[in-house]
>>> print(open('my_file_28.txt').read())   # compact mmCIF, C-alpha atoms
# COMPACT_ATOMS: atom_id res chain seq x y z
CA MET A 1 -64.11 -69.42 50.93
CA THR A 2 -65.59 -72.63 49.67
CA LEU A 3 -64.16 -76.11 49.70
CA GLU A 4 -66.75 -77.37 47.25
CA ARG A 5 -64.16 -77.82 44.53
CA ILE A 6 -62.07 -80.10 46.70
CA ARG A 7 -65.17 -82.15 47.52
CA GLN A 8 -66.19 -82.17 43.89
CA LEU A 9 -62.82 -83.56 42.85
CA CYS A 10 -62.23 -85.99 45.73
CA ASP A 11 -65.24 -86.96 47.81
CA PRO A 12 -68.64 -85.25 47.68
CA SER A 13 -69.48 -86.42 51.21
CA ALA A 14 -66.21 -85.37 52.80
CA ASP A 15 -66.26 -83.47 56.07
CA LEU A 16 -63.48 -80.96 55.56
CA ASP A 17 -61.83 -78.84 58.21
CA PRO A 18 -60.83 -75.39 56.89
CA ASP A 19 -58.51 -74.99 59.89
CA GLY A 20 -56.31 -77.61 58.26
CA LEU A 21 -55.26 -74.90 55.81
CA ALA A 22 -53.03 -73.48 58.51
CA ASN A 23 -50.91 -76.61 58.52
CA ARG A 24 -49.31 -75.88 55.17
CA PRO A 25 -47.54 -72.62 54.38
CA VAL A 26 -48.69 -72.62 50.78
CA LEU A 27 -52.32 -73.20 51.77
CA ARG A 28 -52.13 -70.54 54.45
CA ARG A 29 -50.78 -68.09 51.90
CA ALA A 30 -53.54 -69.02 49.44
CA LEU A 31 -56.19 -68.43 52.07
CA LEU A 32 -54.72 -65.08 53.07
CA ARG A 33 -54.76 -63.98 49.46
CA ILE A 34 -58.41 -64.94 49.03
CA ARG A 35 -59.33 -63.01 52.17
CA ARG A 36 -57.23 -60.01 51.16
CA GLU A 37 -58.74 -59.85 47.69
CA ALA A 38 -62.24 -60.18 49.11
CA ALA A 39 -61.61 -57.48 51.73
CA GLN A 40 -60.16 -55.08 49.19
CA GLY A 41 -62.81 -55.85 46.61
CA GLU A 42 -60.07 -56.71 44.14
CA GLU A 43 -61.25 -58.35 40.98
CA THR A 44 -58.66 -60.93 39.96
CA PHE A 45 -58.15 -61.11 36.22
CA ALA A 46 -56.41 -63.69 34.07
CA GLY A 47 -53.03 -62.14 33.29
CA PHE A 48 -50.40 -62.72 30.65
CA SER A 49 -48.48 -65.93 31.29
CA ASN A 50 -45.37 -65.26 29.22
CA HIS A 51 -43.91 -62.94 31.78
CA ILE A 52 -43.44 -62.97 35.52
CA PHE A 53 -45.12 -60.17 37.45
CA MET B 1 -77.42 -64.92 22.41
CA GLN B 2 -76.38 -62.42 25.06
CA ARG B 3 -72.76 -61.36 24.77
CA PRO B 4 -70.64 -62.05 27.81
CA LYS B 5 -69.81 -59.03 29.95
CA GLN B 6 -66.52 -57.55 28.89
CA VAL B 7 -63.90 -56.42 31.36
CA PRO B 8 -61.49 -53.57 30.72
CA PHE B 9 -57.86 -54.28 30.02
CA ARG B 10 -55.76 -54.02 33.13
CA GLU B 11 -52.50 -55.30 31.74
CA PHE B 12 -50.66 -53.97 28.71
CA VAL B 13 -47.83 -55.85 27.04
CA LEU B 14 -45.57 -53.60 25.02
CA LYS B 15 -43.40 -55.32 22.44
CA VAL B 16 -40.50 -52.92 22.64
CA ALA B 17 -38.30 -55.09 20.37
CA SER B 18 -39.35 -57.52 17.67
CA ARG B 19 -36.10 -59.45 17.30
CA CYS B 20 -34.20 -61.75 19.63
CA ASN B 21 -30.54 -62.52 20.31
CA LEU B 22 -31.38 -66.18 20.99
CA ALA B 23 -32.82 -68.77 18.63
CA CYS B 24 -34.80 -71.03 20.96
CA ASP B 25 -36.17 -73.88 18.89
CA TYR B 26 -39.52 -73.88 20.72
CA CYS B 27 -40.13 -70.14 20.38
CA TYR B 28 -43.75 -69.37 19.52
CA VAL B 29 -42.77 -66.03 17.98
CA TYR B 30 -40.02 -67.05 15.55
CA ALA B 31 -40.30 -70.83 15.16
CA GLY B 32 -44.08 -71.05 14.89
CA PRO B 33 -46.61 -70.57 12.09
CA ASP B 34 -46.98 -66.81 12.61
CA GLN B 35 -44.16 -64.97 10.87
CA THR B 36 -45.47 -61.41 11.20
CA TRP B 37 -42.36 -60.48 13.21
CA ARG B 38 -40.48 -60.29 9.90
CA PHE B 39 -42.43 -57.17 8.95
CA GLN B 40 -42.21 -55.41 12.30
CA PRO B 41 -39.81 -52.55 13.07
CA THR B 42 -36.98 -53.87 15.21
CA ALA B 43 -37.78 -51.53 18.10
CA MET B 44 -40.68 -49.38 19.29
CA SER B 45 -40.21 -45.78 18.14
CA PRO B 46 -40.79 -42.85 20.50
CA ALA B 47 -43.95 -41.88 18.58
CA ILE B 48 -45.42 -45.35 18.98
CA ALA B 49 -44.41 -45.57 22.63
CA GLU B 50 -46.07 -42.26 23.35
CA ALA B 51 -49.23 -43.21 21.43
CA ALA B 52 -49.43 -46.57 23.24
CA ALA B 53 -48.91 -44.84 26.59
CA ARG B 54 -51.63 -42.28 25.82
CA ARG B 55 -54.05 -45.12 24.99
CA ILE B 56 -53.20 -46.89 28.24
CA GLY B 57 -53.77 -43.67 30.17
CA GLU B 58 -57.04 -43.04 28.32
CA HIS B 59 -58.31 -46.56 29.08
CA THR B 60 -57.23 -46.37 32.71
CA ARG B 61 -59.02 -43.05 33.15
CA ALA B 62 -62.17 -44.17 31.31
CA HIS B 63 -62.58 -47.24 33.53
CA GLY B 64 -61.38 -45.67 36.77
CA LEU B 65 -58.69 -48.31 37.21
CA SER B 66 -56.67 -47.89 40.37
CA ARG B 67 -53.92 -50.26 39.29
CA VAL B 68 -52.55 -51.50 35.96
CA ARG B 69 -49.64 -53.65 34.89
CA VAL B 70 -47.37 -52.84 31.99
CA GLY B 71 -45.00 -55.51 30.72
CA LEU B 72 -42.00 -54.74 28.51
CA HIS B 73 -41.65 -57.69 26.22
CA GLY B 74 -40.23 -58.87 22.92
CA GLY B 75 -38.51 -60.56 21.13
CA GLU B 76 -35.77 -59.70 23.55
CA PRO B 77 -36.78 -56.36 25.08
CA LEU B 78 -33.24 -55.31 26.02
CA LEU B 79 -32.35 -55.27 22.32
CA ALA B 80 -34.41 -52.08 22.17
CA GLY B 81 -31.57 -50.36 24.01
CA LEU B 82 -31.41 -48.11 27.04
CA ALA B 83 -32.76 -44.97 25.37
CA THR B 84 -35.83 -46.69 23.88
CA LEU B 85 -36.62 -48.48 27.12
CA GLU B 86 -36.33 -45.29 29.14
CA ASN B 87 -38.54 -43.49 26.66
CA VAL B 88 -41.21 -46.19 26.88
CA ILE B 89 -41.11 -46.21 30.68
CA THR B 90 -41.27 -42.44 31.06
CA SER B 91 -44.04 -42.22 28.43
CA VAL B 92 -46.14 -44.71 30.39
CA HIS B 93 -45.62 -42.92 33.69
CA ALA B 94 -46.39 -39.54 32.13
CA ALA B 95 -49.65 -40.78 30.62
CA MET B 96 -51.10 -42.40 33.73
CA PRO B 97 -53.76 -40.61 35.75
CA ARG B 98 -52.64 -39.34 39.13
CA GLY B 99 -53.17 -41.90 41.86
CA THR B 100 -53.06 -44.96 39.61
CA ARG B 101 -50.55 -47.57 40.61
CA THR B 102 -48.55 -48.74 37.60
CA ASP B 103 -46.56 -51.93 38.03
CA LEU B 104 -43.88 -52.21 35.36
CA THR B 105 -42.05 -55.43 34.57
CA VAL B 106 -39.64 -56.60 31.90
CA GLN B 107 -39.24 -60.23 30.78
CA THR B 108 -35.74 -60.86 29.45
CA ASN B 109 -33.53 -63.77 28.52
CA GLY B 110 -30.86 -62.01 30.60
CA VAL B 111 -28.08 -62.18 28.04
CA LEU B 112 -27.69 -58.37 27.85
CA LEU B 113 -28.67 -57.58 31.42
CA ASP B 114 -25.84 -55.60 32.96
CA GLU B 115 -25.33 -52.73 35.42
CA ARG B 116 -26.53 -50.14 32.93
CA PHE B 117 -29.90 -51.81 32.44
CA LEU B 118 -30.20 -52.61 36.12
CA ARG B 119 -29.59 -48.97 37.05
CA LEU B 120 -32.28 -47.90 34.57
CA PHE B 121 -34.78 -50.42 35.95
CA ALA B 122 -33.91 -49.50 39.53
CA ARG B 123 -34.43 -45.82 38.78
CA HIS B 124 -37.93 -46.52 37.44
CA GLN B 125 -38.80 -49.45 39.71
CA VAL B 126 -39.21 -51.91 36.85
CA ARG B 127 -39.22 -55.48 38.11
CA ILE B 128 -37.36 -58.09 36.11
CA GLY B 129 -38.33 -61.60 35.08
CA ILE B 130 -35.69 -63.93 33.66
CA SER B 131 -36.31 -66.78 31.23
CA LEU B 132 -34.16 -69.80 32.06
CA ASP B 133 -34.94 -73.50 31.65
CA GLY B 134 -32.86 -74.98 34.49
CA GLY B 135 -29.19 -75.92 34.70
CA ARG B 136 -26.71 -75.62 31.85
CA GLN B 137 -27.68 -78.83 30.08
CA ALA B 138 -31.41 -78.11 30.25
CA ASN B 139 -31.01 -74.50 29.20
CA ASP B 140 -28.67 -75.17 26.32
CA ARG B 141 -30.87 -77.84 24.81
CA HIS B 142 -33.10 -75.07 23.46
CA ARG B 143 -32.01 -71.60 24.57
CA VAL B 144 -29.02 -71.03 22.32
CA ARG B 145 -27.80 -68.34 19.95
CA ALA B 146 -28.42 -68.56 16.20
CA ASP B 147 -24.98 -70.13 15.76
CA GLY B 148 -25.70 -72.72 18.44
CA ARG B 149 -23.55 -71.17 21.18
CA SER B 150 -24.71 -71.45 24.76
CA SER B 151 -26.48 -68.58 26.51
CA PHE B 152 -26.09 -70.10 29.97
CA ALA B 153 -22.99 -68.24 31.19
CA ASP B 154 -24.46 -64.87 30.26
CA VAL B 155 -27.77 -65.59 31.93
CA THR B 156 -26.19 -66.83 35.14
CA ARG B 157 -23.93 -63.77 35.18
CA ALA B 158 -27.05 -61.62 34.90
CA LEU B 159 -28.72 -63.53 37.70
CA SER B 160 -25.65 -63.07 39.89
CA LEU B 161 -25.95 -59.31 39.41
CA LEU B 162 -29.71 -59.25 39.83
CA THR B 163 -29.55 -61.19 43.08
CA THR B 164 -27.03 -58.86 44.72
CA GLU B 165 -28.42 -56.92 47.67
CA ARG B 166 -28.74 -53.74 45.62
CA TYR B 167 -30.86 -55.19 42.83
CA ARG B 168 -32.66 -58.12 44.44
CA PRO B 169 -35.80 -56.02 45.13
CA LEU B 170 -36.18 -55.81 41.34
CA PHE B 171 -36.12 -59.59 40.91
CA ALA B 172 -39.64 -60.72 39.92
CA GLY B 173 -38.83 -64.34 39.17
CA ILE B 174 -37.96 -66.97 36.61
CA LEU B 175 -39.95 -68.51 33.76
CA CYS B 176 -39.03 -72.03 32.70
CA THR B 177 -40.45 -73.90 29.72
CA ILE B 178 -40.81 -77.59 30.47
CA ASP B 179 -38.79 -80.17 28.58
CA LEU B 180 -39.63 -83.75 29.50
CA ALA B 181 -36.02 -84.69 28.77
CA ASP B 182 -34.94 -82.83 31.92
CA ASP B 183 -35.24 -84.25 35.37
CA PRO B 184 -37.99 -82.21 37.08
CA LEU B 185 -36.37 -82.00 40.50
CA ASP B 186 -32.95 -81.16 39.08
CA THR B 187 -34.63 -78.38 37.14
CA TYR B 188 -36.51 -77.17 40.20
CA TRP B 189 -33.43 -77.13 42.43
CA ALA B 190 -31.35 -75.39 39.76
CA LEU B 191 -33.89 -72.57 39.54
CA ALA B 192 -34.87 -72.44 43.21
CA GLY B 193 -31.17 -71.93 43.98
CA TYR B 194 -31.55 -68.30 42.83
CA CYS B 195 -34.33 -67.83 45.43
CA PRO B 196 -36.72 -66.20 42.96
CA PRO B 197 -39.85 -64.69 44.54
CA THR B 198 -41.86 -66.41 41.80
CA LEU B 199 -41.09 -69.34 39.60
CA ASP B 200 -43.29 -70.73 36.88
CA PHE B 201 -43.19 -73.79 34.68
CA LEU B 202 -44.77 -73.25 31.28
CA LEU B 203 -46.26 -75.95 29.10
CA PRO B 204 -44.67 -75.61 25.65
CA HIS B 205 -47.18 -74.03 23.28
CA ALA B 206 -48.92 -76.75 21.33
CA ASN B 207 -52.36 -77.60 19.99
CA TRP B 208 -54.27 -80.50 18.42
CA SER B 209 -52.68 -79.86 15.01
CA GLN B 210 -49.18 -79.25 16.40
CA PRO B 211 -49.16 -81.60 19.40
CA PRO B 212 -46.61 -81.40 22.21
CA ARG B 213 -43.32 -83.19 21.77
CA SER B 214 -42.80 -86.51 23.52
CA ARG B 215 -46.43 -87.50 23.65
CA ASP B 216 -45.19 -91.07 23.56
CA SER B 217 -43.94 -90.89 27.15
CA GLY B 218 -47.16 -91.78 28.96
CA ASP B 219 -50.67 -90.43 28.68
CA ALA B 220 -50.06 -87.36 30.86
CA PRO B 221 -46.29 -86.85 30.83
CA TYR B 222 -46.36 -83.15 31.69
CA ALA B 223 -48.40 -83.85 34.82
CA ASP B 224 -45.99 -86.63 35.71
CA TRP B 225 -43.14 -84.15 35.31
CA LEU B 226 -44.78 -81.44 37.44
CA ILE B 227 -46.09 -83.62 40.27
CA PRO B 228 -42.71 -84.32 41.95
CA ILE B 229 -42.03 -80.58 41.99
CA PHE B 230 -45.46 -79.89 43.42
CA ASP B 231 -44.92 -82.43 46.18
CA LYS B 232 -41.57 -80.96 47.23
CA TRP B 233 -42.96 -77.43 47.16
CA TYR B 234 -46.21 -78.29 48.91
CA MET B 235 -44.65 -80.33 51.71
CA ALA B 236 -41.92 -77.78 52.49
CA SER B 237 -42.11 -76.28 55.96
CA THR B 238 -41.31 -72.82 54.63
CA SER B 239 -42.26 -71.32 51.33
CA LYS B 240 -40.11 -68.48 50.01
CA THR B 241 -40.70 -69.13 46.34
CA ARG B 242 -44.15 -69.00 44.85
CA ILE B 243 -44.72 -71.43 41.99
CA ARG B 244 -47.33 -69.61 39.99
CA LEU B 245 -49.11 -72.55 38.33
CA PHE B 246 -49.48 -74.34 41.65
CA ASP B 247 -50.45 -71.21 43.58
CA GLU B 248 -53.18 -70.37 41.09
CA THR B 249 -54.46 -73.94 41.13
CA LEU B 250 -54.75 -73.79 44.92
CA GLN B 251 -56.54 -70.45 44.66
CA LEU B 252 -59.13 -71.99 42.38
CA MET B 253 -59.59 -75.04 44.58
CA LEU B 254 -60.17 -72.93 47.66
CA GLY B 255 -62.78 -70.79 45.95
CA GLY B 256 -60.62 -67.93 44.68
CA ASN B 257 -59.75 -66.88 41.16
CA SER B 258 -56.72 -67.44 39.02
CA ALA B 259 -54.53 -64.49 38.11
CA ILE B 260 -53.09 -66.27 35.11
CA GLU B 261 -54.54 -67.18 31.71
CA VAL B 262 -53.24 -70.76 31.68
CA ILE B 263 -55.67 -72.05 34.28
CA GLY B 264 -59.11 -71.12 35.59
CA GLY B 265 -60.74 -69.91 32.40
CA GLY B 266 -61.32 -66.37 33.58
CA PRO B 267 -61.60 -63.58 31.04
CA THR B 268 -58.22 -62.35 29.89
CA ALA B 269 -57.78 -58.66 30.57
CA PHE B 270 -54.64 -57.78 28.69
CA ALA B 271 -53.64 -56.60 25.26
CA VAL B 272 -50.37 -56.52 23.34
CA VAL B 273 -48.92 -53.65 21.31
CA GLN B 274 -46.45 -54.58 18.60
CA THR B 275 -43.43 -52.44 17.70
CA ASP B 276 -45.40 -50.93 14.80
CA GLY B 277 -48.25 -49.92 17.11
CA GLU B 278 -50.73 -52.67 16.20
CA ILE B 279 -52.95 -53.77 19.04
CA GLU B 280 -52.94 -57.56 19.25
CA ALA B 281 -54.33 -60.27 21.46
CA VAL B 282 -52.19 -62.65 23.51
CA ASP B 283 -49.13 -63.65 21.55
CA SER B 284 -49.39 -67.36 22.36
CA LEU B 285 -52.07 -67.40 19.64
CA LYS B 286 -49.15 -67.13 17.21
CA SER B 287 -48.60 -70.83 17.91
CA ALA B 288 -51.99 -71.57 16.27
CA TYR B 289 -51.80 -69.93 12.85
CA HIS B 290 -50.32 -66.96 11.01
CA GLY B 291 -52.00 -63.76 12.07
CA ALA B 292 -54.12 -65.32 14.83
CA PRO B 293 -53.65 -62.50 17.39
CA SER B 294 -53.95 -59.66 14.83
CA THR B 295 -56.71 -57.08 15.01
CA GLY B 296 -55.69 -54.65 12.28
CA MET B 297 -56.13 -51.90 14.89
CA SER B 298 -53.43 -49.45 15.87
CA VAL B 299 -52.75 -47.28 18.89
CA PHE B 300 -52.80 -44.34 16.46
CA THR B 301 -56.30 -45.01 15.22
CA HIS B 302 -58.11 -47.10 17.83
CA SER B 303 -58.77 -46.95 21.52
CA TYR B 304 -58.52 -49.98 23.78
CA ASP B 305 -62.30 -49.81 24.21
CA GLU B 306 -62.63 -50.24 20.45
CA ALA B 307 -60.15 -53.13 20.54
CA LEU B 308 -62.27 -54.84 23.19
CA GLN B 309 -65.03 -55.16 20.58
CA HIS B 310 -62.80 -57.07 18.16
CA PRO B 311 -63.84 -60.75 17.82
CA VAL B 312 -60.46 -62.03 19.02
CA PHE B 313 -60.90 -60.18 22.32
CA THR B 314 -64.58 -61.03 22.71
CA SER B 315 -63.62 -64.69 22.27
CA LEU B 316 -60.79 -64.45 24.80
CA GLN B 317 -63.07 -62.68 27.25
CA SER B 318 -65.82 -65.27 26.93
CA GLY B 319 -64.04 -67.32 29.56
CA ARG B 320 -65.86 -70.53 30.38
CA GLU B 321 -68.79 -69.58 28.14
CA ALA B 322 -66.52 -70.37 25.17
CA LEU B 323 -65.78 -73.91 26.30
CA CYS B 324 -66.84 -77.00 24.39
CA ALA B 325 -69.40 -79.49 25.73
CA THR B 326 -66.66 -81.93 26.74
CA CYS B 327 -65.21 -79.29 29.05
CA THR B 328 -68.45 -77.96 30.48
CA SER B 329 -69.53 -81.46 31.53
CA CYS B 330 -66.18 -82.24 33.20
CA PRO B 331 -65.81 -81.80 36.99
CA VAL B 332 -62.23 -80.58 36.58
CA VAL B 333 -63.33 -77.53 34.58
CA ALA B 334 -64.00 -75.59 37.77
CA VAL B 335 -60.24 -75.52 38.22
CA CYS B 336 -58.66 -75.95 34.77
CA GLY B 337 -61.14 -73.65 33.04
CA GLY B 338 -60.30 -75.42 29.79
CA GLY B 339 -56.60 -74.57 30.07
CA GLN B 340 -54.83 -72.02 27.94
CA TYR B 341 -56.89 -70.76 25.01
CA ALA B 342 -54.12 -71.32 22.41
CA HIS B 343 -53.79 -74.95 23.45
CA ARG B 344 -57.39 -75.72 22.40
CA TYR B 345 -56.82 -75.02 18.71
CA ARG B 346 -57.32 -77.52 15.90
CA ALA B 347 -56.66 -76.39 12.32
CA GLY B 348 -59.87 -75.92 10.42
CA HIS B 349 -61.99 -76.21 13.56
CA GLY B 350 -60.91 -73.30 15.76
CA PHE B 351 -60.61 -73.23 19.53
CA GLY B 352 -63.76 -75.13 20.57
CA HIS B 353 -61.93 -78.12 22.01
CA PRO B 354 -60.45 -79.26 25.30
CA SER B 355 -56.83 -78.33 25.81
CA VAL B 356 -54.29 -80.55 24.06
CA TYR B 357 -52.94 -80.83 27.63
CA CYS B 358 -56.33 -81.96 29.00
CA ALA B 359 -55.01 -85.27 30.37
CA ASP B 360 -52.06 -83.51 32.01
CA LEU B 361 -54.21 -80.81 33.60
CA SER B 362 -56.68 -83.38 34.82
CA ARG B 363 -54.03 -85.55 36.43
CA LEU B 364 -52.16 -82.62 37.99
CA ILE B 365 -55.34 -81.07 39.40
CA GLY B 366 -56.50 -84.44 40.72
CA HIS B 367 -53.16 -84.92 42.45
CA ILE B 368 -53.19 -81.44 44.00
CA ALA B 369 -56.80 -81.87 45.13
CA GLY B 370 -55.86 -85.17 46.73
CA ARG B 371 -53.04 -83.56 48.68
CA VAL B 372 -55.26 -80.75 49.93
CA TYR B 373 -58.08 -83.16 50.71
CA SER B 374 -55.85 -85.30 52.90
CA ASP B 375 -54.84 -82.19 54.87
CA LEU B 376 -58.38 -80.94 55.34
CA ARG B 377 -60.21 -84.14 56.22
CA ARG B 378 -61.43 -84.01 59.80
CA PRO B 379 -59.54 -86.50 61.98
CA GLU B 380 -62.54 -88.74 62.59
CA THR B 381 -63.00 -89.27 58.88
CA ARG B 382 -59.33 -90.05 58.14
CA SER B 383 -58.54 -93.66 57.57
CA GLY B 384 -55.50 -95.54 58.81
>>> encode(input="my_file_28.txt", output="structure tokens")
Amino acid sequence: MTLERIRQLCDPSADLDPDGLANRPVLRRALLRIRREAAQGEETFAGFSNHIF
Amino acid sequence: MQRPKQVPFREFVLKVASRCNLACDYCYVYAGPDQTWRFQPTAMSPAIAEAAARRIGEHTRAHGLSRVRVGLHGGEPLLAGLATLENVITSVHAAMPRGTRTDLTVQTNGVLLDERFLRLFARHQVRIGISLDGGRQANDRHRVRADGRSSFADVTRALSLLTTERYRPLFAGILCTIDLADDPLDTYWALAGYCPPTLDFLLPHANWSQPPRSRDSGDAPYADWLIPIFDKWYMASTSKTRIRLFDETLQLMLGGNSAIEVIGGGPTAFAVVQTDGEIEAVDSLKSAYHGAPSTGMSVFTHSYDEALQHPVFTSLQSGREALCATCTSCPVVAVCGGGQYAHRYRAGHGFGHPSVYCADLSRLIGHIAGRVYSDLRRPETRSG
């Protein structure tokens, strides 16, 4: 996981704490998904937006 | 110039019906510049369903895919009727290689969704997405029948059935097209009240030649509409409903990839089959110009590998390599990816532009990044 995009958009010199992700359910879920996809070697692809899957 | 690496299709959208029982005034299929639906058969015949399924199986086998998605779409897919739908579903299952996981979904306006359809979808484990724009007033502003009658009562009746204990496992979520005239939080609460697993807010299809409605309400009115919903969703102590646009934005910010074409700029990996068997690209291109998603290829005569070589698919799979200089030099591009491909179009100039929603995407992403940043800053660096 990288937080470079947050730094890039907010503050290039920011000292960010990845543990802070645990404080928000939606961030925790996002992190778990990144780890799961990395562990399973899943290649995420850009899917069709005009339906819910 | 080296061609970008192509990725196999992993999602297949089958247009099982080409007509609709609603007449939504924003519809990109019927109310837009592409009018090819007029020449399509009303429903997918068994022969076309079987040919499409064989092509999906062939492609899955050729690329060793362990998992594919198949979406039943329209028009209004339930207009195809029970027998056609069951034939399409069983054809797909029969054609898939052993061991491949096939996730089937149907996206419906819900008007016809009753016990008979629910039993069919339950039998074949087809998950169901509903299109609904909020409460009655919001929904009926656009999602009405051809004679102007409301669709709201029928859709809410369908949702009541779908959310019963028996059928809730089939409930995939709700798609809502944004109208700035609606209050965002009222819309959110109206839809969240059904406890959908996933909810998504879609930007109305628009481009530089057909700009979004209500551009006079601020310089980024769609971001201003979405931000209050994001804040409520993000700050909640529990999160039962995923909001797809926000989830995918967070994925991108944290170093992951987006699973949706509207953000992130990853290569699209899906193809559409029309009711006559033509293989097409993403149907939102219909909002650009007549025939934009067409390939002239058919499931009877062409494989999906051959379709991948068509210029419309090579363009869609170019991802960020297809972006204009304005986008590639912008720091937000790492998240927005240039936005949805169809939204970059300008008549006579093609798709080499920022999204017509560039200001909205930029403001929304900046806001989300700011929220995440404030949560991740180490205590000693926080001010105040």
>>> closest_atom_pairs(input="my_file_28.txt", of="chain B", to="chain A", cutoff="7 Å", atoms="only C-alpha atoms", output="JSON lines")
{"residue": "B:Thr105", "atom": "CA", "partner": "A:Phe53", "partner_atom": "CA", "distance": 6.3}
{"residue": "B:Gln107", "atom": "CA", "partner": "A:His51", "partner_atom": "CA", "distance": 5.5}
{"residue": "B:Gly129", "atom": "CA", "partner": "A:Ile52", "partner_atom": "CA", "distance": 5.3}
{"residue": "B:Ala172", "atom": "CA", "partner": "A:Phe53", "partner_atom": "CA", "distance": 6.0}
{"residue": "B:Gly173", "atom": "CA", "partner": "A:Ile52", "partner_atom": "CA", "distance": 6.0}
{"residue": "B:Ile174", "atom": "CA", "partner": "A:Ile52", "partner_atom": "CA", "distance": 6.9}
{"residue": "B:Leu175", "atom": "CA", "partner": "A:Ile52", "partner_atom": "CA", "distance": 6.8}
{"residue": "B:Tyr234", "atom": "CA", "partner": "A:Val26", "partner_atom": "CA", "distance": 6.5}
{"residue": "B:Ser237", "atom": "CA", "partner": "A:Pro25", "partner_atom": "CA", "distance": 6.7}
{"residue": "B:Thr238", "atom": "CA", "partner": "A:Pro25", "partner_atom": "CA", "distance": 6.2}
{"residue": "B:Ser239", "atom": "CA", "partner": "A:Pro25", "partner_atom": "CA", "distance": 6.2}
{"residue": "B:Asp247", "atom": "CA", "partner": "A:Ala30", "partner_atom": "CA", "distance": 7.0}
{"residue": "B:Leu250", "atom": "CA", "partner": "A:Ala30", "partner_atom": "CA", "distance": 6.7}
{"residue": "B:Gln251", "atom": "CA", "partner": "A:Ala30", "partner_atom": "CA", "distance": 5.8}
{"residue": "B:Met253", "atom": "CA", "partner": "A:Arg5", "partner_atom": "CA", "distance": 5.3}
{"residue": "B:Leu254", "atom": "CA", "partner": "A:Leu3", "partner_atom": "CA", "distance": 5.5}
{"residue": "B:Gly255", "atom": "CA", "partner": "A:Thr2", "partner_atom": "CA", "distance": 5.0}
{"residue": "B:Gly256", "atom": "CA", "partner": "A:Ile34", "partner_atom": "CA", "distance": 5.7}
{"residue": "B:Asn257", "atom": "CA", "partner": "A:Thr44", "partner_atom": "CA", "distance": 6.2}
{"residue": "B:Ser258", "atom": "CA", "partner": "A:Ala46", "partner_atom": "CA", "distance": 6.2}
{"residue": "B:Ala259", "atom": "CA", "partner": "A:Ala46", "partner_atom": "CA", "distance": 4.5}
{"residue": "B:Ile260", "atom": "CA", "partner": "A:Ala46", "partner_atom": "CA", "distance": 4.3}
{"residue": "B:Glu261", "atom": "CA", "partner": "A:Ala46", "partner_atom": "CA", "distance": 4.6}
{"residue": "B:Val262", "atom": "CA", "partner": "A:Ser49", "partner_atom": "CA", "distance": 6.8}
{"residue": "B:Gly266", "atom": "CA", "partner": "A:Ala46", "partner_atom": "CA", "distance": 5.6}
{"residue": "B:Pro267", "atom": "CA", "partner": "A:Ala46", "partner_atom": "CA", "distance": 6.0}
{"residue": "B:Thr268", "atom": "CA", "partner": "A:Ala46", "partner_atom": "CA", "distance": 4.7}
{"residue": "B:Ala269", "atom": "CA", "partner": "A:Phe45", "partner_atom": "CA", "distance": 6.2}
{"residue": "B:Phe270", "atom": "CA", "partner": "A:Gly47", "partner_atom": "CA", "distance": 6.5}
{"residue": "B:Pro331", "atom": "CA", "partner": "A:Leu9", "partner_atom": "CA", "distance": 6.8}
{"residue": "B:Val332", "atom": "CA", "partner": "A:Leu9", "partner_atom": "CA", "distance": 7.0}
{"residue": "B:Gly366", "atom": "CA", "partner": "A:Leu9", "partner_atom": "CA", "distance": 6.7}
{"residue": "B:Ala369", "atom": "CA", "partner": "A:Ile6", "partner_atom": "CA", "distance": 5.8}
{"residue": "B:Gly370", "atom": "CA", "partner": "A:Cys10", "partner_atom": "CA", "distance": 6.5}
{"residue": "B:Tyr373", "atom": "CA", "partner": "A:Ile6", "partner_atom": "CA", "distance": 6.4}
{"residue": "B:Asp375", "atom": "CA", "partner": "A:Gly20", "partner_atom": "CA", "distance": 5.9}
{"residue": "B:Leu376", "atom": "CA", "partner": "A:Gly20", "partner_atom": "CA", "distance": 4.9}
{"residue": "B:Arg377", "atom": "CA", "partner": "A:Leu16", "partner_atom": "CA", "distance": 4.6}
{"residue": "B:Arg378", "atom": "CA", "partner": "A:Asp17", "partner_atom": "CA", "distance": 5.4}
>>> atom_distance(input="my_file_28.txt", atom1="atom CA of B:Ile48", atom2="atom CA of B:Thr275")
7.5 Å
>>> atom_distance(input="my_file_28.txt", atom1="atom CA of B:Ser45", atom2="atom CA of B:Leu85")
10.0 Å
